[in-house]
file target.txt (compact mmCIF, C-alpha atoms)
# COMPACT_ATOMS: atom_id res chain seq x y z
CA MET A 1 1.18 -0.57 -2.98
CA ALA A 2 1.52 1.45 -6.21
CA THR A 3 2.86 4.87 -5.28
CA SER A 4 2.08 8.25 -6.80
CA PHE A 5 4.82 8.08 -9.43
CA SER A 6 3.35 4.96 -11.00
CA SER A 7 1.98 5.25 -14.49
CA LEU A 8 -0.80 2.96 -15.67
CA ASN A 9 1.69 0.84 -17.64
CA TRP A 10 3.99 0.53 -14.72
CA HIS A 11 1.04 -0.53 -12.67
CA ALA A 12 -0.01 -3.19 -15.17
CA ILE A 13 3.50 -4.66 -15.32
CA HIS A 14 4.05 -4.69 -11.61
CA VAL A 15 0.61 -5.48 -10.33
CA LYS A 16 1.42 -9.17 -9.82
CA GLU A 17 4.66 -8.38 -8.05
CA ASN A 18 2.88 -5.84 -5.88
CA LYS A 19 0.23 -8.39 -4.98
CA VAL A 20 2.91 -10.57 -3.44
CA ASN A 21 4.70 -7.67 -1.73
CA ASP A 22 1.55 -6.06 -0.38
CA ARG A 23 0.36 -9.40 0.94
CA GLU A 24 3.65 -9.93 2.74
CA HIS A 25 3.44 -6.48 4.29
CA TYR A 26 -0.24 -6.61 5.15
CA VAL A 27 -0.91 -6.33 8.87
CA PRO A 28 -4.54 -5.97 9.94
CA GLY A 29 -5.47 -3.11 12.23
CA PRO A 30 -6.87 -3.64 15.71
CA ALA A 31 -10.24 -5.35 16.21
CA GLY A 32 -13.02 -2.83 15.76
CA GLY A 33 -16.33 -2.04 14.12
CA ALA A 34 -17.94 -5.24 15.38
CA GLN A 35 -20.88 -5.89 17.66
CA VAL A 36 -22.58 -9.03 18.83
CA ARG A 37 -26.32 -9.20 19.36
CA LYS A 38 -27.17 -12.00 21.76
CA GLU A 39 -30.69 -13.39 21.75
CA GLY A 40 -30.51 -16.59 23.76
CA GLU A 41 -28.45 -19.11 21.85
CA LYS A 42 -28.86 -17.13 18.65
CA TRP A 43 -25.95 -14.75 18.23
CA THR A 44 -25.60 -12.27 15.41
CA LEU A 45 -22.33 -10.72 14.37
CA ILE A 46 -22.59 -7.17 13.03
CA LEU A 47 -19.56 -5.74 11.25
CA VAL A 48 -19.34 -2.20 9.93
CA ARG A 49 -16.66 -0.91 7.57
CA GLU A 50 -16.32 2.39 5.75
CA LEU A 51 -14.93 2.00 2.26
CA ARG A 52 -13.60 4.84 0.09
CA HIS A 53 -15.60 3.62 -2.89
CA SER A 54 -19.10 4.16 -4.26
CA PRO A 55 -21.94 1.81 -3.27
CA GLU A 56 -22.21 0.76 -6.96
CA LYS A 57 -18.61 -0.39 -6.96
CA VAL A 58 -18.95 -2.18 -3.62
CA TRP A 59 -22.18 -3.82 -4.83
CA GLN A 60 -20.32 -5.32 -7.79
CA ALA A 61 -17.69 -6.79 -5.47
CA LEU A 62 -20.41 -8.34 -3.28
CA THR A 63 -22.31 -9.96 -6.15
CA ASP A 64 -19.94 -10.67 -9.07
CA PRO A 65 -18.37 -14.16 -8.85
CA ALA A 66 -15.14 -12.95 -10.47
CA GLN A 67 -14.72 -10.36 -7.71
CA LEU A 68 -15.99 -12.56 -4.87
CA CYS A 69 -13.17 -15.04 -5.53
CA GLU A 70 -10.69 -12.21 -4.90
CA TRP A 71 -11.81 -11.56 -1.33
CA ALA A 72 -14.81 -13.60 -0.03
CA PRO A 73 -14.61 -16.81 2.04
CA PHE A 74 -16.63 -18.65 -0.62
CA ASP A 75 -16.76 -19.04 -4.39
CA ALA A 76 -20.07 -18.45 -6.15
CA ASP A 77 -21.03 -20.13 -9.42
CA GLY A 78 -23.24 -17.24 -10.47
CA SER A 79 -24.13 -13.65 -9.65
CA LEU A 80 -25.72 -12.91 -6.28
CA GLY A 81 -27.19 -9.71 -7.68
CA THR A 82 -30.67 -10.93 -8.69
CA VAL A 83 -33.42 -11.83 -6.25
CA GLY A 84 -34.76 -15.37 -6.56
CA THR A 85 -31.68 -16.88 -8.23
CA SER A 86 -30.10 -20.07 -6.93
CA VAL A 87 -26.34 -19.95 -6.58
CA LYS A 88 -23.93 -22.61 -5.35
CA LEU A 89 -21.49 -21.33 -2.73
CA THR A 90 -18.31 -23.30 -2.13
CA THR A 91 -16.55 -22.74 1.19
CA VAL A 92 -12.88 -22.16 0.36
CA GLY A 93 -10.40 -24.47 2.05
CA ALA A 94 -12.90 -26.51 4.09
CA PRO A 95 -11.40 -29.82 5.30
CA THR A 96 -13.90 -31.74 3.17
CA PRO A 97 -15.63 -30.31 0.07
CA HIS A 98 -18.41 -28.04 1.26
CA ILE A 99 -20.92 -26.67 -1.23
CA SER A 100 -24.25 -25.17 -0.28
CA GLU A 101 -26.99 -23.94 -2.53
CA THR A 102 -28.39 -20.53 -1.72
CA ARG A 103 -31.28 -18.44 -2.89
CA VAL A 104 -30.93 -14.69 -3.06
CA THR A 105 -33.84 -13.38 -0.99
CA ARG A 106 -33.18 -9.65 -1.40
CA ALA A 107 -31.15 -7.73 -3.97
CA ASP A 108 -31.87 -3.99 -3.95
CA ALA A 109 -28.85 -2.65 -5.85
CA PRO A 110 -26.83 -0.93 -4.54
CA LYS A 111 -28.35 -0.90 -1.06
CA ALA A 112 -29.31 -4.26 0.40
CA LEU A 113 -28.41 -7.88 -0.31
CA GLU A 114 -29.63 -10.99 1.52
CA TYR A 115 -29.00 -14.69 1.12
CA ASN A 116 -28.14 -17.69 3.21
CA TRP A 117 -24.73 -19.36 3.40
CA GLY A 118 -25.09 -22.99 4.45
CA GLY A 119 -27.73 -22.25 7.08
CA PHE A 120 -26.30 -18.90 8.19
CA ASP A 121 -28.16 -15.74 7.21
CA ILE A 122 -26.07 -13.12 5.46
CA ARG A 123 -27.37 -9.57 5.18
CA TRP A 124 -25.43 -6.71 3.63
CA GLU A 125 -26.36 -3.05 3.78
CA LEU A 126 -24.62 -0.36 1.75
CA GLU A 127 -25.13 3.20 2.87
CA ALA A 128 -23.89 6.04 0.65
CA LEU A 129 -21.70 8.55 2.48
CA GLY A 130 -20.95 11.20 -0.17
CA GLY A 131 -19.24 8.97 -2.75
CA GLN A 132 -18.14 6.51 -0.09
CA THR A 133 -19.90 3.52 1.41
CA ARG A 134 -20.67 2.38 4.91
CA LEU A 135 -20.90 -1.37 4.55
CA THR A 136 -22.66 -3.40 7.25
CA LEU A 137 -22.75 -7.17 7.46
CA TRP A 138 -25.17 -9.08 9.70
CA THR A 139 -24.60 -12.79 10.06
CA ASN A 140 -25.59 -15.37 12.64
CA ILE A 141 -22.72 -17.56 13.88
CA GLY A 142 -22.54 -20.11 16.68
CA ARG A 143 -21.31 -18.38 19.84
CA ARG A 144 -18.27 -20.61 20.13
CA PHE A 145 -17.00 -19.44 16.76
CA ILE A 146 -18.08 -15.81 16.72
CA SER A 147 -14.63 -14.30 17.35
CA MET A 148 -13.15 -16.51 14.63
CA GLY A 149 -15.83 -15.30 12.26
CA ALA A 150 -15.24 -11.65 13.17
CA ALA A 151 -11.49 -12.05 12.64
CA GLY A 152 -12.06 -13.77 9.30
CA TRP A 153 -14.50 -11.14 8.00
CA HIS A 154 -12.25 -8.33 9.28
CA ILE A 155 -9.44 -9.64 7.07
CA CYS A 156 -11.84 -10.21 4.17
CA PHE A 157 -12.90 -6.55 4.41
CA ASP A 158 -9.26 -5.42 4.34
CA VAL A 159 -8.63 -7.57 1.27
CA LEU A 160 -11.82 -6.16 -0.31
CA ASP A 161 -10.61 -2.62 0.34
CA HIS A 162 -7.29 -3.38 -1.38
CA LEU A 163 -9.15 -4.94 -4.31
CA LEU A 164 -11.45 -1.94 -4.76
CA SER A 165 -8.45 0.40 -4.57
CA GLY A 166 -6.87 -1.43 -7.53
CA ALA A 167 -4.11 -2.98 -5.42
CA PRO A 168 -5.32 -6.53 -4.78
CA ILE A 169 -3.35 -8.63 -2.32
CA GLY A 170 -5.22 -11.91 -2.95
CA ARG A 171 -7.80 -13.37 -0.63
CA ILE A 172 -6.83 -14.63 2.80
CA VAL A 173 -9.37 -17.22 3.92
CA GLY A 174 -9.50 -20.74 5.34
CA PRO A 175 -6.05 -22.20 6.03
CA GLU A 176 -4.35 -19.01 4.80
CA ALA A 177 -6.18 -17.00 7.46
CA ILE A 178 -5.63 -19.46 10.29
CA LYS A 179 -1.86 -19.65 9.68
CA PHE A 180 -1.72 -15.87 9.61
CA GLY A 181 -0.56 -14.20 12.81
CA GLY A 182 -2.90 -11.28 12.17
CA TRP A 183 -5.91 -13.57 12.25
CA GLN A 184 -4.85 -15.19 15.51
CA ARG A 185 -4.38 -11.78 17.11
CA LEU A 186 -7.78 -10.53 15.87
CA ASN A 187 -9.47 -13.74 17.06
CA ALA A 188 -8.11 -13.10 20.57
CA GLU A 189 -9.03 -9.38 20.45
CA TYR A 190 -12.58 -10.03 19.30
CA ALA A 191 -13.03 -12.82 21.85
CA LYS A 192 -12.04 -10.32 24.54
CA GLN A 193 -14.43 -7.68 23.18
CA PHE A 194 -17.32 -10.15 22.98
CA GLY A 195 -16.56 -11.86 26.28
CA THR A 196 -16.20 -15.29 24.66
CA GLU A 197 -13.44 -17.84 24.96
CA THR A 198 -10.98 -18.54 22.19
CA ILE A 199 -10.89 -22.11 21.04
CA ASN A 200 -7.83 -24.24 21.70
CA TRP A 201 -5.49 -24.05 18.77
CA PRO A 202 -4.25 -26.15 17.00
CA PRO A 203 -7.54 -28.04 16.79
CA GLN A 204 -5.97 -31.46 17.38
CA ALA A 205 -5.30 -30.51 20.99
CA ASN A 206 -7.19 -32.71 23.38
CA GLN A 207 -10.25 -31.19 24.93
CA LYS A 208 -11.90 -32.29 28.10
CA PRO A 209 -15.57 -33.23 27.71
CA MET B 210 -0.76 -44.31 6.55
CA LYS B 211 -3.16 -44.83 9.41
CA ILE B 212 -6.94 -45.05 9.75
CA LYS B 213 -7.42 -42.06 12.01
CA VAL B 214 -10.89 -40.67 11.26
CA THR B 215 -14.15 -42.14 10.14
CA SER B 216 -17.16 -39.98 9.28
CA LEU B 217 -20.80 -40.16 10.11
CA TYR B 218 -23.51 -37.94 8.67
CA VAL B 219 -25.78 -36.35 11.27
CA ASP B 220 -28.75 -34.04 10.79
CA ASP B 221 -27.83 -31.79 13.75
CA GLN B 222 -24.27 -31.46 15.07
CA GLU B 223 -25.19 -30.12 18.54
CA LYS B 224 -27.68 -32.91 19.09
CA ALA B 225 -25.15 -35.43 17.80
CA LEU B 226 -22.48 -34.11 20.14
CA ARG B 227 -24.85 -34.57 23.09
CA PHE B 228 -25.70 -38.12 22.08
CA TYR B 229 -22.14 -39.26 21.38
CA THR B 230 -20.73 -37.69 24.56
CA ASP B 231 -23.50 -37.57 27.21
CA VAL B 232 -25.29 -40.75 26.18
CA LEU B 233 -22.66 -43.01 24.57
CA GLY B 234 -19.78 -41.66 26.68
CA PHE B 235 -17.25 -40.53 24.08
CA VAL B 236 -15.32 -37.27 24.53
CA LYS B 237 -15.11 -34.30 22.22
CA LYS B 238 -11.79 -34.29 20.40
CA THR B 239 -11.76 -31.55 17.76
CA ASP B 240 -14.19 -28.74 17.10
CA PHE B 241 -13.59 -25.86 14.75
CA SER B 242 -15.57 -23.93 12.23
CA GLN B 243 -15.01 -22.11 8.98
CA GLY B 244 -18.01 -20.12 7.87
CA PRO B 245 -20.92 -22.55 7.85
CA TYR B 246 -18.56 -25.54 7.91
CA ARG B 247 -17.93 -27.22 11.25
CA TRP B 248 -15.37 -29.97 11.77
CA LEU B 249 -16.42 -31.89 14.85
CA THR B 250 -14.95 -35.17 16.09
CA VAL B 251 -15.25 -37.36 19.18
CA ALA B 252 -12.98 -40.12 20.48
CA SER B 253 -13.26 -42.90 23.01
CA PRO B 254 -11.97 -42.02 26.51
CA GLU B 255 -10.50 -45.55 26.57
CA GLU B 256 -8.43 -44.63 23.54
CA PRO B 257 -8.13 -40.83 23.38
CA GLU B 258 -5.47 -40.96 20.64
CA GLY B 259 -7.37 -43.64 18.74
CA THR B 260 -9.61 -43.34 15.72
CA GLU B 261 -11.81 -40.25 15.73
CA LEU B 262 -15.43 -40.22 14.69
CA GLN B 263 -16.31 -37.17 12.63
CA LEU B 264 -19.88 -35.90 13.09
CA ALA B 265 -20.50 -34.29 9.72
CA LEU B 266 -23.56 -32.15 9.07
CA ASN B 267 -25.65 -33.79 6.39
CA THR B 268 -26.75 -31.11 3.96
CA ASN B 269 -26.16 -33.29 0.93
CA PRO B 270 -29.40 -34.59 -0.67
CA ALA B 271 -27.65 -37.70 -2.04
CA ALA B 272 -26.22 -38.53 1.37
CA LYS B 273 -29.60 -37.89 3.03
CA ALA B 274 -31.33 -40.35 0.72
CA TYR B 275 -28.63 -42.96 1.40
CA GLN B 276 -28.81 -42.36 5.16
CA GLN B 277 -32.61 -42.73 5.24
CA ALA B 278 -32.54 -45.90 3.15
CA MET B 279 -29.87 -47.49 5.36
CA PHE B 280 -31.82 -46.55 8.47
CA GLN B 281 -35.06 -48.02 7.11
CA GLN B 282 -33.24 -51.25 6.23
CA SER B 283 -31.88 -51.46 9.83
CA GLN B 284 -28.32 -51.13 8.54
CA PRO B 285 -25.91 -49.59 11.05
CA ALA B 286 -24.06 -46.47 9.96
CA ALA B 287 -21.18 -47.27 12.31
CA MET B 288 -20.05 -50.01 14.65
CA PHE B 289 -18.27 -49.70 18.00
CA PHE B 290 -16.59 -52.54 19.84
CA THR B 291 -17.04 -53.13 23.53
CA ASP B 292 -15.99 -55.74 26.09
CA ASP B 293 -19.40 -55.63 27.80
CA VAL B 294 -22.31 -55.09 25.47
CA LYS B 295 -24.93 -55.92 28.13
CA GLY B 296 -23.45 -53.43 30.58
CA ASP B 297 -23.27 -50.76 27.87
CA TYR B 298 -26.84 -51.53 26.82
CA GLU B 299 -28.13 -50.95 30.37
CA ARG B 300 -26.03 -47.83 30.89
CA ILE B 301 -26.98 -46.23 27.56
CA LYS B 302 -30.64 -47.19 27.91
CA ALA B 303 -30.74 -45.63 31.38
CA ARG B 304 -29.64 -42.36 29.77
CA GLY B 305 -32.74 -42.39 27.59
CA ALA B 306 -31.46 -43.88 24.34
CA GLU B 307 -33.77 -45.98 22.21
CA PHE B 308 -32.51 -49.42 21.18
CA THR B 309 -33.95 -51.14 18.14
CA MET B 310 -32.25 -54.42 19.10
CA PRO B 311 -31.28 -55.55 22.60
CA PRO B 312 -28.06 -57.55 23.05
CA THR B 313 -28.47 -60.48 20.67
CA ASP B 314 -26.27 -63.49 19.94
CA VAL B 315 -25.12 -63.67 16.35
CA THR B 316 -22.29 -65.57 14.73
CA ALA B 317 -19.05 -64.75 16.50
CA SER B 318 -20.45 -61.82 18.47
CA ILE B 319 -23.19 -60.27 20.56
CA ILE B 320 -24.66 -57.14 19.02
CA ALA B 321 -27.11 -54.41 19.96
CA MET B 322 -28.50 -51.57 17.87
CA VAL B 323 -29.28 -48.05 19.09
CA LYS B 324 -30.71 -44.92 17.45
CA ASP B 325 -28.33 -41.95 17.55
CA THR B 326 -31.24 -39.41 17.32
CA CYS B 327 -29.54 -37.88 14.26
CA GLY B 328 -30.63 -40.24 11.52
CA ASN B 329 -28.41 -43.27 12.18
CA LEU B 330 -28.40 -46.70 13.75
CA ILE B 331 -25.28 -47.57 15.70
CA GLN B 332 -24.24 -51.14 16.34
CA LEU B 333 -22.46 -52.14 19.53
CA THR B 334 -20.45 -55.30 19.08
CA GLN B 335 -18.87 -57.63 21.60
CA LEU B 336 -16.77 -60.33 19.98
CA ALA B 337 -17.53 -63.79 21.26
CA ARG B 338 -14.70 -65.67 22.95
CA TYR B 339 -14.81 -69.35 22.14
CA SER B 340 -13.03 -71.81 24.38
CA ARG B 341 -10.85 -74.21 22.46

call {"tool": "encode", "arguments": {"input": "target.txt", "output": "structure tokens"}}
result
Amino acid sequence: MATSFSSLNWHAIHVKENKVNDREHYVPGPAGGAQVRKEGEKWTLILVRELRHSPEKVWQALTDPAQLCEWAPFDADGSLGTVGTSVKLTTVGAPTPHISETRVTRADAPKALEYNWGGFDIRWELEALGGQTRLTLWTNIGRRFISMGAAGWHICFDVLDHLLSGAPIGRIVGPEAIKFGGWQRLNAEYAKQFGTETINWPPQANQKP
Amino acid sequence: MKIKVTSLYVDDQEKALRFYTDVLGFVKKTDFSQGPYRWLTVASPEEPEGTELQLALNTNPAAKAYQQAMFQQSQPAAMFFTDDVKGDYERIKARGAEFTMPPTDVTASIIAMVKDTCGNLIQLTQLARYSR
């Protein structure tokens, strides 16, 4: 991470190098800030994160395709910032190409954003906390995969925080996340918190019917 | 190189998993998810390390049109081999599956056709054994 003695020029020259170094040194914190709402088979994951950045800045990162590809688990082919627009979302690193078309159903900048990602509802809320933002994500996920989802979003939020602080470490999603020890640990921690089972890993392991 | 996985489009992965395991008798092999993507495969208990059948969620309009057309033309989306098509027919029917063709003699085999409840017809094939 750029330290206090860094000038802007120094930062510009070394930003790429830092990206690699910071990524190597990145270790996610313990599982936290997540809840699961269980309504029958329909489970909703709720993740809360406080970011030291304004809601306007966070809103840009949630809607601008150029910023989404720095931290989000999907690529967008257009802005998510306007209600009614159709945007194609590509899941990054899926084992076969996976593109789903979404429609932005709510975009109240910089407070609330809603759309659907391949059948899963995504709802973001941004609450101003004196220049900072409390960001909340609601998303429905199948119960078997909810700890994996929580671990994945946890890491995405860390990467987002680095990006907003001007020290990007590059997104960690899909295969990058799964290979990452931090993700595996978070998956186990969230599974324990939610009272779910972790899935056998690696996935090729035989499973009894 | 090996032929290790073949894919089938289904309109509901949970429903497909129930049909291919509880009704047909395959076993779940691999199941993981990434965001809205879910990789789900089953295998035959007679050949657990054999070819896997991927049950892929069909959200693709082009694939949906193809799937519907094939179904309407009674074309099977996949074919499984068995040594006892009549026995399998009775067993699978008893579990509530709907056959569109009972075991029928055709050239070099006996075939039957069953609906998978997820948009596909599945053909069961027993190769005929001719005495020389």

call {"tool": "residues_around", "arguments": {"input": "target.txt", "residues": "stretch 175-187 of chain A", "least_positions_apart": "2", "cutoff": "7 Å", "atoms": "all atoms listed in the file", "output": "short mmCIF file (atom, residue, chain, number, x, y, z; two decimals) with C-alpha atoms, keeping the file's coordinate frame"}}
result
data_model
loop_
_atom_site.label_atom_id
_atom_site.label_comp_id
_atom_site.auth_asym_id
_atom_site.auth_seq_id
_atom_site.Cartn_x
_atom_site.Cartn_y
_atom_site.Cartn_z
CA VAL A 27 -0.91 -6.33 8.87
CA PRO A 28 -4.54 -5.97 9.94
CA PRO A 30 -6.87 -3.64 15.71
CA ALA A 31 -10.24 -5.35 16.21
CA GLY A 93 -10.40 -24.47 2.05
CA SER A 147 -14.63 -14.30 17.35
CA MET A 148 -13.15 -16.51 14.63
CA ALA A 151 -11.49 -12.05 12.64
CA GLY A 152 -12.06 -13.77 9.30
CA ILE A 172 -6.83 -14.63 2.80
CA VAL A 173 -9.37 -17.22 3.92
CA GLU A 189 -9.03 -9.38 20.45
CA TYR A 190 -12.58 -10.03 19.30
CA ALA A 191 -13.03 -12.82 21.85
#

call {"tool": "residues_around", "arguments": {"input": "target.txt", "residues": "B:Val219", "least_positions_apart": "4", "cutoff": "8 Å", "atoms": "only C-alpha atoms", "output": "list in words"}}
result
Ala225, Leu264, Ala265, Leu266, Asn267, Cys327, Gly328 and Asn329 of chain B

call {"tool": "atom_distance", "arguments": {"input": "target.txt", "atom1": "atom CA of A:Thr63", "atom2": "atom CA of A:Gly29"}}
result
25.9 Å

call {"tool": "atom_distance", "arguments": {"input": "target.txt", "atom1": "atom CA of A:Leu126", "atom2": "atom CA of A:His53"}}
result
10.9 Å

call {"tool": "closest_residue", "arguments": {"input": "target.txt", "among": "B:Phe235, B:Ala278, B:Pro245, B:Gln332", "to": "A:Thr139", "atoms": "all atoms listed in the file"}}
result
B:Pro245

call {"tool": "atom_distance", "arguments": {"input": "target.txt", "atom1": "atom CA of B:Ser216", "atom2": "atom CA of B:Ala317"}}
result
25.9 Å

call {"tool": "closest_residue", "arguments": {"input": "target.txt", "among": "B:Thr268, B:Thr326, B:Thr309, B:Gln222", "to": "chain A", "atoms": "all atoms listed in the file"}}
result
B:Thr268

call {"tool": "closest_residue", "arguments": {"input": "target.txt", "among": "A:Val92, A:Ala66, A:Val58, A:Leu51", "to": "chain B", "atoms": "only C-alpha atoms"}}
result
A:Val92

call {"tool": "residues_around", "arguments": {"input": "target.txt", "residues": "B:Tyr298", "least_positions_apart": "4", "cutoff": "8 Å", "atoms": "all atoms listed in the file", "output": "CSV table (one decimal) with C-alpha atoms, in the frame of the given file"}}
result
chain,number,residue,atom,x,y,z
B,294,VAL,CA,-22.3,-55.1,25.5
B,302,LYS,CA,-30.6,-47.2,27.9
B,311,PRO,CA,-31.3,-55.6,22.6
B,312,PRO,CA,-28.1,-57.6,23.0
B,321,ALA,CA,-27.1,-54.4,20.0

call {"tool": "interface_residues", "arguments": {"input": "target.txt", "of": "chain A", "to": "chain B", "cutoff": "12 Å", "atoms": "only C-alpha atoms", "output": "number ranges by chain"}}
result
A: 41, 72-74, 89-101, 116-122, 139-153, 173-178, 198-209

call {"tool": "closest_residue", "arguments": {"input": "target.txt", "among": "B:Gln276, B:Gln263, B:Gln281, B:Thr316", "to": "B:Leu217", "atoms": "all atoms listed in the file"}}
result
B:Gln263

call {"tool": "axis_aligned_box", "arguments": {"input": "target.txt", "around": "stretch 235-253 of chain B", "padding_each_side": "6 Å", "output": "AutoDock Vina command-line options"}}
result
--center_x -16.3 --center_y -31.5 --center_z 16.2 --size_x 21.2 --size_y 34.8 --size_z 28.7

call {"tool": "residues_around", "arguments": {"input": "target.txt", "residues": "B:Phe280", "least_positions_apart": "3", "cutoff": "10 Å", "atoms": "only C-alpha atoms", "output": "MDAnalysis selection string"}}
result
chainID B and resid 274:277 283:286 324 328:331

call {"tool": "closest_residue", "arguments": {"input": "target.txt", "among": "B:Glu261, B:Glu255, B:Asp292, B:Asp221", "to": "B:Leu333", "atoms": "only C-alpha atoms"}}
result
B:Asp292

call {"tool": "decode", "arguments": {"input": "target.txt", "residues": "stretch 77-153 of chain A", "atoms": "C-alpha atoms", "output": "PDB file, in the first residue's frame"}}
result
ATOM      1  CA  ASP A  77     -21.641  -4.094 -20.789  1.00  0.00           C
ATOM      2  CA  GLY A  78     -23.257  -0.835 -19.713  1.00  0.00           C
ATOM      3  CA  SER A  79     -23.988   1.335 -16.699  1.00  0.00           C
ATOM      4  CA  LEU A  80     -26.281  -0.041 -14.002  1.00  0.00           C
ATOM      5  CA  GLY A  81     -27.064   3.497 -12.871  1.00  0.00           C
ATOM      6  CA  THR A  82     -30.285   4.144 -14.823  1.00  0.00           C
ATOM      7  CA  VAL A  83     -33.619   2.525 -14.063  1.00  0.00           C
ATOM      8  CA  GLY A  84     -35.155   0.572 -16.938  1.00  0.00           C
ATOM      9  CA  THR A  85     -31.917  -0.087 -18.829  1.00  0.00           C
ATOM     10  CA  SER A  86     -31.003  -3.572 -20.003  1.00  0.00           C
ATOM     11  CA  VAL A  87     -27.445  -4.618 -19.264  1.00  0.00           C
ATOM     12  CA  LYS A  88     -25.664  -7.882 -20.023  1.00  0.00           C
ATOM     13  CA  LEU A  89     -23.838  -9.323 -17.022  1.00  0.00           C
ATOM     14  CA  THR A  90     -21.094 -11.866 -17.641  1.00  0.00           C
ATOM     15  CA  THR A  91     -20.153 -14.127 -14.738  1.00  0.00           C
ATOM     16  CA  VAL A  92     -16.361 -14.033 -14.506  1.00  0.00           C
ATOM     17  CA  GLY A  93     -14.592 -17.380 -14.683  1.00  0.00           C
ATOM     18  CA  ALA A  94     -17.688 -19.589 -14.982  1.00  0.00           C
ATOM     19  CA  PRO A  95     -16.841 -23.073 -16.314  1.00  0.00           C
ATOM     20  CA  THR A  96     -18.905 -22.398 -19.436  1.00  0.00           C
ATOM     21  CA  PRO A  97     -19.686 -18.896 -20.776  1.00  0.00           C
ATOM     22  CA  HIS A  98     -22.453 -17.441 -18.645  1.00  0.00           C
ATOM     23  CA  ILE A  99     -24.143 -14.215 -19.695  1.00  0.00           C
ATOM     24  CA  SER A 100     -27.449 -13.007 -18.332  1.00  0.00           C
ATOM     25  CA  GLU A 101     -29.428  -9.986 -19.334  1.00  0.00           C
ATOM     26  CA  THR A 102     -30.669  -7.813 -16.510  1.00  0.00           C
ATOM     27  CA  ARG A 103     -32.981  -4.880 -16.164  1.00  0.00           C
ATOM     28  CA  VAL A 104     -32.261  -2.215 -13.585  1.00  0.00           C
ATOM     29  CA  THR A 105     -35.455  -2.003 -11.535  1.00  0.00           C
ATOM     30  CA  ARG A 106     -34.374   0.728  -9.115  1.00  0.00           C
ATOM     31  CA  ALA A 107     -31.618   3.321  -9.316  1.00  0.00           C
ATOM     32  CA  ASP A 108     -31.970   6.099  -6.738  1.00  0.00           C
ATOM     33  CA  ALA A 109     -28.471   7.602  -6.784  1.00  0.00           C
ATOM     34  CA  PRO A 110     -26.681   7.441  -4.425  1.00  0.00           C
ATOM     35  CA  LYS A 111     -29.006   5.483  -2.140  1.00  0.00           C
ATOM     36  CA  ALA A 112     -30.593   2.374  -3.615  1.00  0.00           C
ATOM     37  CA  LEU A 113     -29.884   0.101  -6.569  1.00  0.00           C
ATOM     38  CA  GLU A 114     -31.791  -3.018  -7.624  1.00  0.00           C
ATOM     39  CA  TYR A 115     -31.421  -5.484 -10.461  1.00  0.00           C
ATOM     40  CA  ASN A 116     -31.374  -9.199 -11.031  1.00  0.00           C
ATOM     41  CA  TRP A 117     -28.285 -11.304 -11.701  1.00  0.00           C
ATOM     42  CA  GLY A 118     -29.220 -14.468 -13.582  1.00  0.00           C
ATOM     43  CA  GLY A 119     -32.345 -15.102 -11.518  1.00  0.00           C
ATOM     44  CA  PHE A 120     -30.936 -13.838  -8.212  1.00  0.00           C
ATOM     45  CA  ASP A 121     -32.200 -10.522  -6.866  1.00  0.00           C
ATOM     46  CA  ILE A 122     -29.516  -8.010  -5.994  1.00  0.00           C
ATOM     47  CA  ARG A 123     -30.381  -5.026  -3.820  1.00  0.00           C
ATOM     48  CA  TRP A 124     -27.860  -2.441  -2.665  1.00  0.00           C
ATOM     49  CA  GLU A 125     -28.462   0.244  -0.073  1.00  0.00           C
ATOM     50  CA  LEU A 126     -26.045   3.080   0.608  1.00  0.00           C
ATOM     51  CA  GLU A 127     -26.482   4.943   3.857  1.00  0.00           C
ATOM     52  CA  ALA A 128     -24.486   8.133   4.448  1.00  0.00           C
ATOM     53  CA  LEU A 129     -22.592   8.139   7.743  1.00  0.00           C
ATOM     54  CA  GLY A 130     -20.970  11.596   7.859  1.00  0.00           C
ATOM     55  CA  GLY A 131     -18.897  11.370   4.669  1.00  0.00           C
ATOM     56  CA  GLN A 132     -18.710   7.598   4.901  1.00  0.00           C
ATOM     57  CA  THR A 133     -21.044   4.909   3.635  1.00  0.00           C
ATOM     58  CA  ARG A 134     -22.748   1.939   5.185  1.00  0.00           C
ATOM     59  CA  LEU A 135     -23.232  -0.389   2.257  1.00  0.00           C
ATOM     60  CA  THR A 136     -25.771  -3.210   2.507  1.00  0.00           C
ATOM     61  CA  LEU A 137     -26.260  -5.978  -0.024  1.00  0.00           C
ATOM     62  CA  TRP A 138     -29.318  -8.251  -0.080  1.00  0.00           C
ATOM     63  CA  THR A 139     -29.194 -11.218  -2.396  1.00  0.00           C
ATOM     64  CA  ASN A 140     -31.017 -14.532  -2.532  1.00  0.00           C
ATOM     65  CA  ILE A 141     -28.748 -17.581  -2.893  1.00  0.00           C
ATOM     66  CA  GLY A 142     -29.491 -21.299  -2.731  1.00  0.00           C
ATOM     67  CA  ARG A 143     -28.927 -22.502   0.835  1.00  0.00           C
ATOM     68  CA  ARG A 144     -26.261 -24.983  -0.211  1.00  0.00           C
ATOM     69  CA  PHE A 145     -24.105 -22.197  -1.588  1.00  0.00           C
ATOM     70  CA  ILE A 146     -24.809 -19.366   0.829  1.00  0.00           C
ATOM     71  CA  SER A 147     -21.494 -19.557   2.723  1.00  0.00           C
ATOM     72  CA  MET A 148     -19.596 -19.624  -0.579  1.00  0.00           C
ATOM     73  CA  GLY A 149     -21.497 -16.539  -1.671  1.00  0.00           C
ATOM     74  CA  ALA A 150     -20.822 -14.741   1.615  1.00  0.00           C
ATOM     75  CA  ALA A 151     -17.099 -15.554   1.373  1.00  0.00           C
ATOM     76  CA  GLY A 152     -16.993 -14.369  -2.233  1.00  0.00           C
ATOM     77  CA  TRP A 153     -18.788 -11.076  -1.553  1.00  0.00           C
TER      78      TRP A 153
END
